[in-house]
file coords29.cif (mmCIF, C-alpha atoms)
data_protein
loop_
_atom_site.label_atom_id
_atom_site.label_comp_id
_atom_site.auth_asym_id
_atom_site.auth_seq_id
_atom_site.Cartn_x
_atom_site.Cartn_y
_atom_site.Cartn_z
CA GLY A 1230 23.49 -4.28 -47.50
CA ALA A 1231 23.86 -7.38 -49.63
CA LYS A 1232 23.47 -7.31 -53.40
CA ILE A 1233 20.34 -8.98 -54.74
CA MET A 1234 20.00 -9.64 -58.46
CA ARG A 1235 16.62 -10.32 -60.05
CA LYS A 1236 15.10 -10.11 -63.49
CA ALA A 1237 12.67 -7.24 -63.92
CA GLU A 1238 9.63 -6.78 -66.10
CA LEU A 1239 8.57 -3.53 -67.73
CA THR A 1240 5.39 -2.18 -66.13
CA GLY A 1241 5.14 0.97 -68.21
CA ILE A 1242 7.12 3.65 -70.00
CA ASP A 1243 6.64 7.34 -70.68
CA PRO A 1244 9.10 8.48 -73.38
CA ASP A 1245 7.84 12.06 -73.09
CA LYS A 1246 9.34 12.24 -69.58
CA ASP A 1247 12.12 9.67 -70.14
CA VAL A 1248 10.72 7.50 -67.32
CA ALA A 1249 10.11 3.74 -67.05
CA VAL A 1250 8.72 1.63 -64.20
CA LEU A 1251 10.03 -1.89 -63.62
CA SER A 1252 8.55 -4.60 -61.41
CA VAL A 1253 10.63 -7.30 -59.72
CA GLY A 1254 8.91 -10.60 -58.98
CA SER A 1255 9.94 -13.90 -57.47
CA ASN A 1256 12.17 -16.39 -59.27
CA SER A 1257 11.91 -20.06 -58.37
CA ASP A 1258 15.59 -20.60 -59.19
CA LEU A 1259 16.74 -17.96 -56.69
CA PRO A 1260 16.20 -17.46 -52.96
CA GLU A 1261 13.09 -15.52 -52.00
CA ILE A 1262 13.54 -11.84 -51.27
CA ASN A 1263 12.97 -10.92 -47.65
CA LYS A 1264 10.58 -8.03 -48.25
CA GLU A 1265 10.82 -6.92 -44.63
CA ALA A 1266 14.52 -6.27 -45.18
CA LEU A 1267 13.84 -3.97 -48.12
CA LYS A 1268 13.76 -0.32 -47.13
CA PRO A 1269 12.10 2.04 -49.60
CA ILE A 1270 13.77 5.38 -50.12
CA ASP A 1271 12.26 8.40 -48.41
CA VAL A 1272 10.55 10.59 -50.97
CA GLY A 1273 10.91 14.34 -50.65
CA SER A 1274 9.53 17.24 -52.66
CA SER A 1275 11.13 19.38 -55.34
CA ALA A 1276 8.70 22.27 -54.84
CA LYS A 1277 10.76 23.95 -52.12
CA LEU A 1278 14.23 23.43 -53.58
CA ARG A 1279 16.49 26.46 -53.59
CA VAL A 1280 19.56 27.28 -55.65
CA GLY A 1281 22.60 26.43 -53.52
CA SER A 1282 20.96 23.47 -51.74
CA LEU A 1283 23.33 20.54 -51.22
CA VAL A 1284 22.49 17.44 -53.29
CA PHE A 1285 23.92 13.96 -53.90
CA ALA A 1286 23.77 11.93 -57.11
CA ILE A 1287 24.01 8.12 -57.10
CA GLY A 1288 24.60 6.06 -60.21
CA ASN A 1289 26.70 3.71 -62.27
CA PRO A 1290 29.00 6.02 -64.26
CA PHE A 1291 31.16 4.18 -66.79
CA GLY A 1292 30.16 0.88 -65.13
CA LEU A 1293 31.41 1.94 -61.68
CA ASP A 1294 28.40 0.96 -59.60
CA HIS A 1295 27.35 2.54 -56.30
CA THR A 1296 29.10 5.81 -57.13
CA LEU A 1297 28.08 8.89 -55.16
CA THR A 1298 28.91 12.46 -56.11
CA SER A 1299 27.93 15.68 -54.40
CA GLY A 1300 27.19 19.21 -55.48
CA VAL A 1301 24.56 21.90 -55.24
CA VAL A 1302 21.40 22.89 -57.03
CA SER A 1303 22.78 25.23 -59.69
CA GLY A 1304 19.48 26.22 -61.24
CA LEU A 1305 15.75 25.55 -61.26
CA GLY A 1306 13.07 25.63 -63.92
CA ARG A 1307 15.38 24.43 -66.69
CA GLU A 1308 14.11 22.68 -69.81
CA MET A 1309 15.47 19.62 -71.60
CA ARG A 1310 14.30 17.47 -74.49
CA SER A 1311 12.87 14.01 -74.00
CA PRO A 1312 13.65 11.09 -76.34
CA THR A 1313 10.48 11.99 -78.25
CA GLY A 1314 11.63 15.58 -78.69
CA ARG A 1315 9.01 16.99 -76.35
CA PRO A 1316 10.20 19.42 -73.68
CA ILE A 1317 10.54 18.36 -70.04
CA THR A 1318 10.05 21.46 -67.91
CA ASN A 1319 11.00 22.47 -64.36
CA VAL A 1320 14.18 20.39 -64.58
CA ILE A 1321 16.76 20.66 -61.77
CA GLN A 1322 20.28 21.74 -62.77
CA THR A 1323 23.15 20.55 -60.58
CA ASP A 1324 26.94 20.59 -60.60
CA ALA A 1325 27.08 17.16 -58.92
CA ALA A 1326 29.07 15.01 -61.37
CA ILE A 1327 26.69 13.16 -63.69
CA ASN A 1328 28.22 10.94 -66.37
CA PRO A 1329 27.01 8.26 -68.79
CA GLY A 1330 25.59 5.55 -66.55
CA ASN A 1331 24.11 7.94 -64.01
CA SER A 1332 20.81 8.27 -65.87
CA GLY A 1333 17.94 6.86 -63.84
CA GLY A 1334 19.83 7.16 -60.57
CA PRO A 1335 18.47 9.18 -57.64
CA LEU A 1336 19.25 12.77 -56.79
CA LEU A 1337 19.03 13.16 -53.01
CA ASP A 1338 18.78 16.13 -50.69
CA ILE A 1339 20.88 16.58 -47.56
CA ARG A 1340 18.46 14.37 -45.59
CA GLY A 1341 18.74 11.51 -48.06
CA ARG A 1342 15.29 12.07 -49.54
CA LEU A 1343 14.61 11.49 -53.22
CA ILE A 1344 14.14 14.84 -54.97
CA GLY A 1345 14.85 13.92 -58.59
CA MET A 1346 16.05 11.39 -61.14
CA ASN A 1347 19.38 12.02 -62.87
CA ALA A 1348 18.68 12.36 -66.56
CA ALA A 1349 21.25 14.16 -68.69
CA ILE A 1350 24.34 16.32 -68.91
CA TYR A 1351 25.35 19.22 -71.10
CA SER A 1352 28.83 18.43 -72.32
CA PRO A 1353 30.56 18.63 -75.72
CA SER A 1354 32.95 15.88 -74.57
CA GLY A 1355 30.26 13.54 -73.23
CA ALA A 1356 31.72 13.63 -69.70
CA SER A 1357 30.63 15.74 -66.74
CA ASN A 1358 31.56 19.40 -66.87
CA GLY A 1359 29.41 20.59 -64.00
CA VAL A 1360 26.13 20.97 -65.87
CA GLY A 1361 23.83 18.06 -65.07
CA PHE A 1362 20.06 17.76 -65.11
CA ALA A 1363 17.54 15.79 -63.07
CA ILE A 1364 13.80 15.36 -63.52
CA PRO A 1365 12.09 16.66 -60.33
CA ILE A 1366 10.34 14.21 -58.04
CA ASP A 1367 7.07 16.15 -58.15
CA THR A 1368 6.93 15.40 -61.88
CA LEU A 1369 7.97 11.78 -61.37
CA LYS A 1370 5.28 11.09 -58.76
CA THR A 1371 2.46 11.80 -61.19
CA VAL A 1372 4.06 9.86 -64.05
CA VAL A 1373 5.03 6.83 -61.95
CA ASP A 1374 1.58 6.58 -60.33
CA ALA A 1375 -0.03 6.56 -63.79
CA LEU A 1376 2.39 3.93 -65.11
CA ILE A 1377 1.79 1.65 -62.14
CA SER A 1378 -1.99 2.03 -62.41
CA ASN A 1379 -2.44 1.96 -66.18
CA GLY A 1380 0.89 1.07 -67.77
CA ARG A 1381 0.86 4.36 -69.67
CA VAL A 1382 0.32 8.09 -69.26
CA SER A 1383 -2.59 9.82 -70.96
CA ARG A 1384 -2.32 13.55 -71.63
CA ALA A 1385 -4.79 16.01 -73.02
CA ILE A 1386 -3.55 18.04 -75.99
CA LEU A 1387 -4.61 21.39 -77.40
CA GLY A 1388 -3.60 20.43 -80.92
CA VAL A 1389 -1.69 23.54 -82.00
CA SER A 1390 1.88 24.66 -82.52
CA PHE A 1391 2.67 28.28 -81.67
CA LEU A 1392 5.29 30.94 -82.22
CA GLU A 1393 7.72 31.93 -79.47
CA SER A 1394 6.82 35.29 -77.91
CA ALA A 1395 9.99 37.10 -79.06
CA GLN A 1396 9.34 36.12 -82.68
CA ALA A 1397 5.66 37.00 -82.34
CA ARG A 1398 6.55 40.50 -81.16
CA ALA A 1399 8.57 40.97 -84.34
CA LEU A 1400 5.30 40.43 -86.21
CA GLY A 1401 3.55 43.08 -84.12
CA ILE A 1402 1.85 40.71 -81.67
CA GLU A 1403 2.41 42.17 -78.20
CA SER A 1404 0.18 39.83 -76.22
CA GLY A 1405 -1.29 36.39 -76.65
CA VAL A 1406 -0.02 33.35 -78.53
CA LEU A 1407 0.07 33.19 -82.32
CA VAL A 1408 -1.15 29.85 -83.70
CA LEU A 1409 1.27 28.51 -86.31
CA ASN A 1410 -0.51 25.28 -87.15
CA ALA A 1411 -3.74 23.57 -86.19
CA PRO A 1412 -3.85 20.11 -87.81
CA ALA A 1413 -7.19 19.39 -89.44
CA ASP A 1414 -7.68 16.19 -87.41
CA GLY A 1415 -6.86 17.85 -84.07
CA PRO A 1416 -9.09 19.27 -81.33
CA ALA A 1417 -8.02 22.88 -81.97
CA ALA A 1418 -9.11 22.78 -85.61
CA ALA A 1419 -12.38 21.16 -84.57
CA GLY A 1420 -12.90 24.13 -82.25
CA GLY A 1421 -12.36 26.58 -85.09
CA LEU A 1422 -8.76 27.69 -84.54
CA ARG A 1423 -6.91 28.74 -87.69
CA GLY A 1424 -3.16 28.43 -88.21
CA THR A 1425 -0.73 30.74 -89.95
CA SER A 1426 -0.31 30.24 -93.70
CA ARG A 1427 0.93 31.87 -96.89
CA SER A 1428 -1.37 33.20 -99.57
CA PRO A 1429 -0.88 32.34 -103.27
CA ASP A 1430 1.09 35.57 -103.73
CA GLY A 1431 3.50 34.56 -100.94
CA SER A 1432 2.32 36.98 -98.28
CA LEU A 1433 2.04 35.77 -94.70
CA GLN A 1434 -1.47 35.25 -93.38
CA LEU A 1435 -1.35 35.31 -89.60
CA GLY A 1436 -3.40 32.73 -87.78
CA ASP A 1437 -5.53 33.18 -84.71
CA VAL A 1438 -4.04 34.68 -81.56
CA ILE A 1439 -5.00 33.03 -78.29
CA ILE A 1440 -5.34 35.79 -75.69
CA ALA A 1441 -7.10 33.89 -72.89
CA ILE A 1442 -8.25 30.40 -71.86
CA ASP A 1443 -11.34 30.08 -69.69
CA GLY A 1444 -11.11 33.78 -68.97
CA SER A 1445 -7.47 33.64 -67.82
CA SER A 1446 -4.95 35.52 -69.93
#

call {"tool": "encode", "arguments": {"input": "coords29.cif", "output": "structure tokens"}}
result
Amino acid sequence: GAKIMRKAELTGIDPDKDVAVLSVGSNSDLPEINKEALKPIDVGSSAKLRVGSLVFAIGNPFGLDHTLTSGVVSGLGREMRSPTGRPITNVIQTDAAINPGNSGGPLLDIRGRLIGMNAAIYSPSGASNGVGFAIPIDTLKTVVDALISNGRVSRAILGVSFLESAQARALGIESGVLVLNAPADGPAAAGGLRGTSRSPDGSLQLGDVIIAIDGSS
């Protein structure tokens, strides 16, 4: 189809998921957009993806617009860091070439349905080496709906930091989650949770261990 260029306005942004929503309106200095000619992309689901599934990545690598690369789903359930440092979970790993400029582009399944948004690569050189990551569409749906409705995403927080299970086992904790810190102004501290600390003599005072939430361990 023909190229149409328009200025866009920021509707909302969620740095924790590295997602932004833009809106494109009319511009009196340019011809009106024929909305009937616009075809929205078919949206799929990332819940039933399997390792080995064929995928296609579209983007603008190194300024080369409308570039398409192909590959397979190399892994599922990966984790990457957002711009805020928070983890993004259930990330799709693919060997479809993803380079600088691909971020924000769609990851499609074999039927052309949107299943993810290209987000990052793992590469010491900064160029694709077959390890790319995309945020799954099932995550994007929730975030995008909230940004369109409210301009932001609100999330509940527990208000604690905790120790990884392998490190906790080294301290003799075989089950549950050891609380490292519960900030005084947070909801966890208000509920009585106590973080790990050191006594005046330097010995480690273990904090509370969360073994279940609402009866579920």

call {"tool": "atom_distance", "arguments": {"input": "coords29.cif", "atom1": "atom CA of A:Gly1334", "atom2": "atom CA of A:Val1250"}}
result
12.9 Å

call {"tool": "resolve_selection", "arguments": {"input": "coords29.cif", "expression": "the PyMOL selection byres ((chain A and resi 1389-1399) around 7)", "output": "list in words"}}
result
Leu1387, Gly1388, Leu1400, Gly1401, Ile1402, Glu1403, Val1406, Leu1407, Val1408, Leu1409, Asn1410, Ala1411 and Ala1417 of chain A

call {"tool": "resolve_selection", "arguments": {"input": "coords29.cif", "expression": "the PyMOL selection byres ((chain A and resi 1330) around 10)", "output": "number ranges by chain"}}
result
A: 1287-1294, 1327-1329, 1331-1334, 1347-1349

call {"tool": "atom_distance", "arguments": {"input": "coords29.cif", "atom1": "atom CA of A:Ile1339", "atom2": "atom CA of A:Phe1285"}}
result
7.5 Å

call {"tool": "resolve_selection", "arguments": {"input": "coords29.cif", "expression": "the PyMOL selection byres ((chain A and resi 1375) around 12)", "output": "PyMOL selection string"}}
result
chain A and resi 1240-1243+1248-1250+1368-1374+1376-1384

call {"tool": "closest_residue", "arguments": {"input": "coords29.cif", "among": "A:Ile1233, A:Gly1341, A:Thr1323, A:Ser1428", "to": "A:Ile1262", "atoms": "all atoms listed in the file"}}
result
A:Ile1233

call {"tool": "closest_residue", "arguments": {"input": "coords29.cif", "among": "A:Asp1324, A:Asp1437, A:Asp1271, A:Asp1430", "to": "A:Ile1366", "atoms": "all atoms listed in the file"}}
result
A:Asp1271

call {"tool": "residues_around", "arguments": {"input": "coords29.cif", "residues": "A:Leu1337", "least_positions_apart": "5", "cutoff": "12 Å", "atoms": "all atoms listed in the file", "output": "ChimeraX atom specification"}}
result
/A:1270-1275,1278,1282-1288,1297-1302,1321,1323,1325,1342-1347,1363-1366

call {"tool": "write_last_selection", "arguments": {"input": "coords29.cif", "atoms": "C-alpha atoms", "output": "mmCIF file, in the coordinates of the input"}}
result
data_model
loop_
_atom_site.group_PDB
_atom_site.id
_atom_site.type_symbol
_atom_site.label_atom_id
_atom_site.label_comp_id
_atom_site.auth_asym_id
_atom_site.auth_seq_id
_atom_site.Cartn_x
_atom_site.Cartn_y
_atom_site.Cartn_z
ATOM 1 C CA ILE A 1270 13.770 5.380 -50.120
ATOM 2 C CA ASP A 1271 12.260 8.400 -48.410
ATOM 3 C CA VAL A 1272 10.550 10.590 -50.970
ATOM 4 C CA GLY A 1273 10.910 14.340 -50.650
ATOM 5 C CA SER A 1274 9.530 17.240 -52.660
ATOM 6 C CA SER A 1275 11.130 19.380 -55.340
ATOM 7 C CA LEU A 1278 14.230 23.430 -53.580
ATOM 8 C CA SER A 1282 20.960 23.470 -51.740
ATOM 9 C CA LEU A 1283 23.330 20.540 -51.220
ATOM 10 C CA VAL A 1284 22.490 17.440 -53.290
ATOM 11 C CA PHE A 1285 23.920 13.960 -53.900
ATOM 12 C CA ALA A 1286 23.770 11.930 -57.110
ATOM 13 C CA ILE A 1287 24.010 8.120 -57.100
ATOM 14 C CA GLY A 1288 24.600 6.060 -60.210
ATOM 15 C CA LEU A 1297 28.080 8.890 -55.160
ATOM 16 C CA THR A 1298 28.910 12.460 -56.110
ATOM 17 C CA SER A 1299 27.930 15.680 -54.400
ATOM 18 C CA GLY A 1300 27.190 19.210 -55.480
ATOM 19 C CA VAL A 1301 24.560 21.900 -55.240
ATOM 20 C CA VAL A 1302 21.400 22.890 -57.030
ATOM 21 C CA ILE A 1321 16.760 20.660 -61.770
ATOM 22 C CA THR A 1323 23.150 20.550 -60.580
ATOM 23 C CA ALA A 1325 27.080 17.160 -58.920
ATOM 24 C CA ARG A 1342 15.290 12.070 -49.540
ATOM 25 C CA LEU A 1343 14.610 11.490 -53.220
ATOM 26 C CA ILE A 1344 14.140 14.840 -54.970
ATOM 27 C CA GLY A 1345 14.850 13.920 -58.590
ATOM 28 C CA MET A 1346 16.050 11.390 -61.140
ATOM 29 C CA ASN A 1347 19.380 12.020 -62.870
ATOM 30 C CA ALA A 1363 17.540 15.790 -63.070
ATOM 31 C CA ILE A 1364 13.800 15.360 -63.520
ATOM 32 C CA PRO A 1365 12.090 16.660 -60.330
ATOM 33 C CA ILE A 1366 10.340 14.210 -58.040
#

call {"tool": "atom_distance", "arguments": {"input": "coords29.cif", "atom1": "atom CA of A:Glu1308", "atom2": "atom CA of A:Ala1385"}}
result
20.3 Å

call {"tool": "closest_residue", "arguments": {"input": "coords29.cif", "among": "A:Ser1404, A:Gln1322, A:Thr1313, A:Leu1267", "to": "A:Gly1281", "atoms": "only C-alpha atoms"}}
result
A:Gln1322

call {"tool": "closest_residue", "arguments": {"input": "coords29.cif", "among": "A:Ser1446, A:Ser1311, A:Thr1318, A:Gln1434", "to": "A:Pro1244", "atoms": "all atoms listed in the file"}}
result
A:Ser1311

call {"tool": "closest_residue", "arguments": {"input": "coords29.cif", "among": "A:Ala1413, A:Leu1305, A:Ala1326, A:Ala1266", "to": "A:Arg1279", "atoms": "only C-alpha atoms"}}
result
A:Leu1305

call {"tool": "residues_around", "arguments": {"input": "coords29.cif", "residues": "A:Ser1445", "least_positions_apart": "5", "cutoff": "12 Å", "atoms": "all atoms listed in the file", "output": "PDB file with C-alpha atoms, keeping the file's coordinate frame"}}
result
ATOM      1  CA  GLY A1405      -1.290  36.390 -76.650  1.00  0.00           C
ATOM      2  CA  ILE A1439      -5.000  33.030 -78.290  1.00  0.00           C
ATOM      3  CA  ILE A1440      -5.340  35.790 -75.690  1.00  0.00           C
TER       4      ILE A1440
END

call {"tool": "residues_around", "arguments": {"input": "coords29.cif", "residues": "A:Leu1251", "least_positions_apart": "2", "cutoff": "6 Å", "atoms": "all atoms listed in the file", "output": "PyMOL selection string"}}
result
chain A and resi 1237-1240

call {"tool": "write_last_selection", "arguments": {"input": "coords29.cif", "atoms": "C-alpha atoms", "output": "short mmCIF file (atom, residue, chain, number, x, y, z; two decimals), in the coordinates of the input"}}
result
data_model
loop_
_atom_site.label_atom_id
_atom_site.label_comp_id
_atom_site.auth_asym_id
_atom_site.auth_seq_id
_atom_site.Cartn_x
_atom_site.Cartn_y
_atom_site.Cartn_z
CA ALA A 1237 12.67 -7.24 -63.92
CA GLU A 1238 9.63 -6.78 -66.10
CA LEU A 1239 8.57 -3.53 -67.73
CA THR A 1240 5.39 -2.18 -66.13
#
